[in-house]
file final-v2.cif (mmCIF, C-alpha atoms)
data_data
loop_
_atom_site.label_atom_id
_atom_site.label_comp_id
_atom_site.auth_asym_id
_atom_site.auth_seq_id
_atom_site.Cartn_x
_atom_site.Cartn_y
_atom_site.Cartn_z
CA MET A 1 -2.15 16.17 -11.49
CA SER A 2 -2.22 12.43 -11.07
CA GLY A 3 0.39 9.77 -10.41
CA SER A 4 1.56 9.88 -14.01
CA PRO A 5 4.75 8.26 -15.38
CA GLN A 6 6.55 11.64 -15.51
CA LEU A 7 6.66 11.55 -11.68
CA ALA A 8 8.25 8.10 -11.59
CA SER A 9 11.68 9.67 -11.02
CA HIS A 10 10.52 11.01 -7.65
CA PHE A 11 9.55 7.55 -6.51
CA ALA A 12 12.89 6.17 -7.73
CA THR A 13 14.61 8.94 -5.76
CA LEU A 14 12.75 7.93 -2.60
CA LEU A 15 13.57 4.26 -3.04
CA GLU A 16 17.23 4.95 -3.88
CA ALA A 17 17.60 7.15 -0.78
CA LYS A 18 15.97 4.44 1.34
CA ALA A 19 18.45 1.87 0.02
CA LYS A 20 21.40 4.22 0.47
CA LYS A 21 20.40 4.81 4.10
CA GLY A 22 19.85 1.07 4.64
CA LEU A 23 16.43 1.69 6.16
CA THR A 24 13.43 -0.62 6.11
CA PHE A 25 9.89 0.55 5.44
CA GLU A 26 9.17 -0.23 9.08
CA GLN A 27 12.02 2.00 10.30
CA ILE A 28 10.89 4.84 8.05
CA GLY A 29 7.31 4.41 9.24
CA GLN A 30 8.38 4.60 12.88
CA ALA A 31 10.36 7.76 12.16
CA ILE A 32 7.51 9.56 10.42
CA GLY A 33 4.60 8.09 12.41
CA LYS A 34 3.13 5.84 9.72
CA ASP A 35 2.75 2.11 9.11
CA GLU A 36 5.33 0.27 7.00
CA VAL A 37 2.80 -0.77 4.34
CA TRP A 38 1.58 2.82 3.99
CA VAL A 39 5.21 4.01 3.60
CA ALA A 40 5.81 1.41 0.88
CA ALA A 41 2.58 2.47 -0.85
CA LEU A 42 3.74 6.09 -0.76
CA MET A 43 7.14 5.22 -2.21
CA TYR A 44 5.47 3.35 -5.07
CA GLY A 45 3.07 6.20 -5.86
CA GLN A 46 0.00 4.52 -4.37
CA ALA A 47 -0.53 6.77 -1.32
CA LYS A 48 -0.76 10.51 -0.73
CA ALA A 49 1.40 12.20 1.91
CA THR A 50 0.77 15.53 3.56
CA ASN A 51 3.41 18.22 3.15
CA GLU A 52 4.43 17.62 6.77
CA GLU A 53 4.89 13.89 6.11
CA LEU A 54 6.91 14.63 2.98
CA GLU A 55 9.16 16.99 4.94
CA LYS A 56 9.77 14.34 7.61
CA LEU A 57 10.55 11.83 4.88
CA VAL A 58 12.99 13.97 2.91
CA ASN A 59 14.74 15.03 6.13
CA LEU A 60 15.08 11.41 7.23
CA LEU A 61 16.38 10.32 3.82
CA ASP A 62 18.60 13.39 3.32
CA ILE A 63 17.21 14.24 -0.10
CA GLN A 64 16.52 17.58 -1.79
CA SER A 65 12.96 18.42 -0.90
CA THR A 66 12.13 21.40 -3.10
CA SER A 67 11.06 19.59 -6.26
CA LEU A 68 9.85 16.50 -4.42
CA THR A 69 7.46 18.37 -2.13
CA ALA A 70 6.37 20.64 -4.97
CA ASP A 71 5.63 17.74 -7.33
CA LEU A 72 4.17 15.32 -4.76
CA GLY A 73 2.56 17.89 -2.46
CA ASP A 74 -0.84 19.51 -2.39
CA ASN A 75 -1.58 19.33 -6.13
CA TRP A 76 -0.56 15.70 -6.79
CA TRP A 77 -2.91 12.72 -6.42
CA PRO A 78 -2.00 9.05 -6.75
CA ASN A 79 -3.19 7.07 -9.72
CA ARG A 80 -3.91 3.97 -7.67
CA GLY A 81 -4.18 0.48 -9.02
CA LEU A 82 -2.30 -2.36 -10.57
CA GLY A 83 -0.07 -2.25 -13.57
CA PRO A 84 -0.48 -4.69 -16.45
CA MET A 85 -2.98 -7.54 -16.13
CA PRO A 86 -2.28 -10.23 -15.39
CA PRO A 87 0.65 -9.09 -13.25
CA THR A 88 4.08 -10.37 -14.28
CA ASP A 89 5.94 -9.92 -10.99
CA PRO A 90 5.83 -13.29 -9.16
CA VAL A 91 4.80 -11.86 -5.76
CA ILE A 92 2.08 -9.66 -7.23
CA TYR A 93 0.93 -12.50 -9.48
CA ARG A 94 0.51 -14.82 -6.46
CA LEU A 95 -1.65 -12.20 -4.72
CA TYR A 96 -3.68 -11.89 -7.91
CA GLU A 97 -3.94 -15.70 -8.04
CA ALA A 98 -5.14 -15.75 -4.42
CA VAL A 99 -8.02 -13.45 -5.36
CA LEU A 100 -8.81 -15.55 -8.43
CA VAL A 101 -8.89 -18.78 -6.40
CA TYR A 102 -10.34 -17.54 -3.11
CA GLY A 103 -12.22 -14.40 -4.20
CA GLU A 104 -15.66 -15.98 -4.54
CA PRO A 105 -15.30 -18.09 -1.36
CA LEU A 106 -14.12 -15.07 0.66
CA LYS A 107 -16.99 -13.01 -0.73
CA ALA A 108 -19.47 -15.72 0.32
CA VAL A 109 -18.04 -15.91 3.85
CA ILE A 110 -18.06 -12.10 4.19
CA HIS A 111 -21.71 -12.01 3.13
CA GLU A 112 -22.61 -14.80 5.58
CA LYS A 113 -20.93 -12.99 8.46
CA PHE A 114 -21.74 -9.36 7.64
CA GLY A 115 -24.59 -9.26 5.13
CA ASP A 116 -24.79 -7.58 1.75
CA GLY A 117 -21.86 -5.21 1.45
CA ILE A 118 -18.15 -4.84 0.85
CA MET A 119 -14.89 -4.43 2.73
CA SER A 120 -13.50 -0.94 2.36
CA MET A 121 -9.98 -0.56 0.99
CA ILE A 122 -10.16 3.15 1.81
CA ASP A 123 -10.85 2.69 5.53
CA CYS A 124 -8.41 -0.19 5.80
CA THR A 125 -5.07 -1.11 7.31
CA VAL A 126 -2.77 -3.79 5.95
CA ARG A 127 -0.19 -5.74 7.92
CA VAL A 128 2.57 -8.06 6.76
CA GLU A 129 4.03 -10.44 9.30
CA ARG A 130 6.55 -13.27 9.23
CA LYS A 131 5.48 -16.43 11.05
CA PRO A 132 7.99 -19.21 11.71
CA HIS A 133 6.90 -22.64 10.51
CA PRO A 134 8.72 -25.99 10.40
CA LYS A 135 8.17 -26.27 6.63
CA GLY A 136 9.40 -22.71 6.00
CA ASP A 137 8.46 -19.29 7.26
CA ARG A 138 4.96 -18.09 6.39
CA VAL A 139 3.79 -14.73 5.10
CA VAL A 140 0.76 -13.52 7.05
CA LEU A 141 -1.26 -10.77 5.35
CA THR A 142 -3.99 -9.03 7.33
CA PHE A 143 -6.48 -6.70 5.64
CA ASP A 144 -8.44 -4.90 8.35
CA GLY A 145 -11.16 -3.07 6.44
CA LYS A 146 -14.38 -1.43 7.50
CA PHE A 147 -17.54 -3.23 6.36
CA LEU A 148 -19.78 -1.06 4.19
CA GLN A 149 -23.41 -2.15 3.91
CA TYR A 150 -25.07 -1.64 0.56
CA ALA A 151 -27.89 0.89 0.72
CA THR A 152 -31.42 0.01 -0.26
CA TRP A 153 -34.05 2.44 -1.47
#

call {"tool": "encode", "arguments": {"input": "final-v2.cif", "output": "structure tokens"}}
result
Amino acid sequence: MSGSPQLASHFATLLEAKAKKGLTFEQIGQAIGKDEVWVAALMYGQAKATNEELEKLVNLLDIQSTSLTADLGDNWWPNRGLGPMPPTDPVIYRLYEAVLVYGEPLKAVIHEKFGDGIMSMIDCTVRVERKPHPKGDRVVLTFDGKFLQYATW
């Protein structure tokens, strides 16, 4: 099974229970031992939880776990990736725009500093921070990914 649209109701259930409880992704992450960005990715069908993590989550959110753990457990795998291109949500579009504008320059700097390779998004952590600024608070995104050298043969 993959993260197909028929499972969308489970993700809506998770997000509705989160809202009903008034919890943040950070609070949920602290309760189940995961990072806030990973929790958000899970709740949007972009990450895979273990059965133990699902149990902690459903207990925290007070939701019926039988169908959720059965449908999102051992035999379900996320269908990761973006939705429509270009994205229509303003926040997602701005991230997309950042890659369009700064993608080639970032790639060049990565190659200068590390050599011929890529930054892993599998062995990666992502942080979102709020930074006060006189002109308006700033969003600080940190992608901390392992560098993977291209093989030669």

call {"tool": "atom_distance", "arguments": {"input": "final-v2.cif", "atom1": "atom CA of Lys131 of chain A", "atom2": "atom CA of Tyr44 of chain A"}}
result
25.5 Å

call {"tool": "resolve_selection", "arguments": {"input": "final-v2.cif", "expression": "the PyMOL selection byres ((chain A and resi 33-41) around 12)", "output": "PyMOL selection string"}}
result
chain A and resi 11+14-15+18+23-32+42-50+52-54+56-57+78-82+122+124-129+141-143

call {"tool": "closest_residue", "arguments": {"input": "final-v2.cif", "among": "A:Leu95, A:Asp89, A:Asp74, A:Lys20", "to": "Asp62 of chain A", "atoms": "only C-alpha atoms"}}
result
A:Lys20

call {"tool": "closest_residue", "arguments": {"input": "final-v2.cif", "among": "A:Val58, A:Asp71, A:Asn51, A:Gln149", "to": "Ala17 of chain A", "atoms": "only C-alpha atoms"}}
result
A:Val58

call {"tool": "residues_around", "arguments": {"input": "final-v2.cif", "residues": "Glu97 of chain A", "least_positions_apart": "4", "cutoff": "12 Å", "atoms": "only C-alpha atoms", "output": "number ranges by chain"}}
result
A: 85-93, 101-103

call {"tool": "write_last_selection", "arguments": {"input": "final-v2.cif", "atoms": "C-alpha atoms", "output": "PDB file, in the frame of the given file"}}
result
ATOM      1  CA  MET A  85      -2.980  -7.540 -16.130  1.00  0.00           C
ATOM      2  CA  PRO A  86      -2.280 -10.230 -15.390  1.00  0.00           C
ATOM      3  CA  PRO A  87       0.650  -9.090 -13.250  1.00  0.00           C
ATOM      4  CA  THR A  88       4.080 -10.370 -14.280  1.00  0.00           C
ATOM      5  CA  ASP A  89       5.940  -9.920 -10.990  1.00  0.00           C
ATOM      6  CA  PRO A  90       5.830 -13.290  -9.160  1.00  0.00           C
ATOM      7  CA  VAL A  91       4.800 -11.860  -5.760  1.00  0.00           C
ATOM      8  CA  ILE A  92       2.080  -9.660  -7.230  1.00  0.00           C
ATOM      9  CA  TYR A  93       0.930 -12.500  -9.480  1.00  0.00           C
ATOM     10  CA  VAL A 101      -8.890 -18.780  -6.400  1.00  0.00           C
ATOM     11  CA  TYR A 102     -10.340 -17.540  -3.110  1.00  0.00           C
ATOM     12  CA  GLY A 103     -12.220 -14.400  -4.200  1.00  0.00           C
TER      13      GLY A 103
END

call {"tool": "atom_distance", "arguments": {"input": "final-v2.cif", "atom1": "atom CA of Glu16 of chain A", "atom2": "atom CA of Asn59 of chain A"}}
result
14.4 Å

call {"tool": "closest_residue", "arguments": {"input": "final-v2.cif", "among": "A:Arg138, A:Arg94, A:Lys146, A:His10", "to": "Met121 of chain A", "atoms": "all atoms listed in the file"}}
result
A:Lys146

call {"tool": "atom_distance", "arguments": {"input": "final-v2.cif", "atom1": "atom CA of Leu148 of chain A", "atom2": "atom CA of Pro84 of chain A"}}
result
28.5 Å

call {"tool": "residues_around", "arguments": {"input": "final-v2.cif", "residues": "segment 110-118 of chain A", "least_positions_apart": "2", "cutoff": "8 Å", "atoms": "all atoms listed in the file", "output": "list in words"}}
result
Leu106, Lys107, Ala108, Ser120, Phe147, Leu148, Gln149 and Tyr150 of chain A

call {"tool": "resolve_selection", "arguments": {"input": "final-v2.cif", "expression": "the PyMOL selection byres ((chain A and resi 67) around 12)", "output": "ChimeraX atom specification"}}
result
/A:7,9-10,13,54-55,58,63-66,68-73
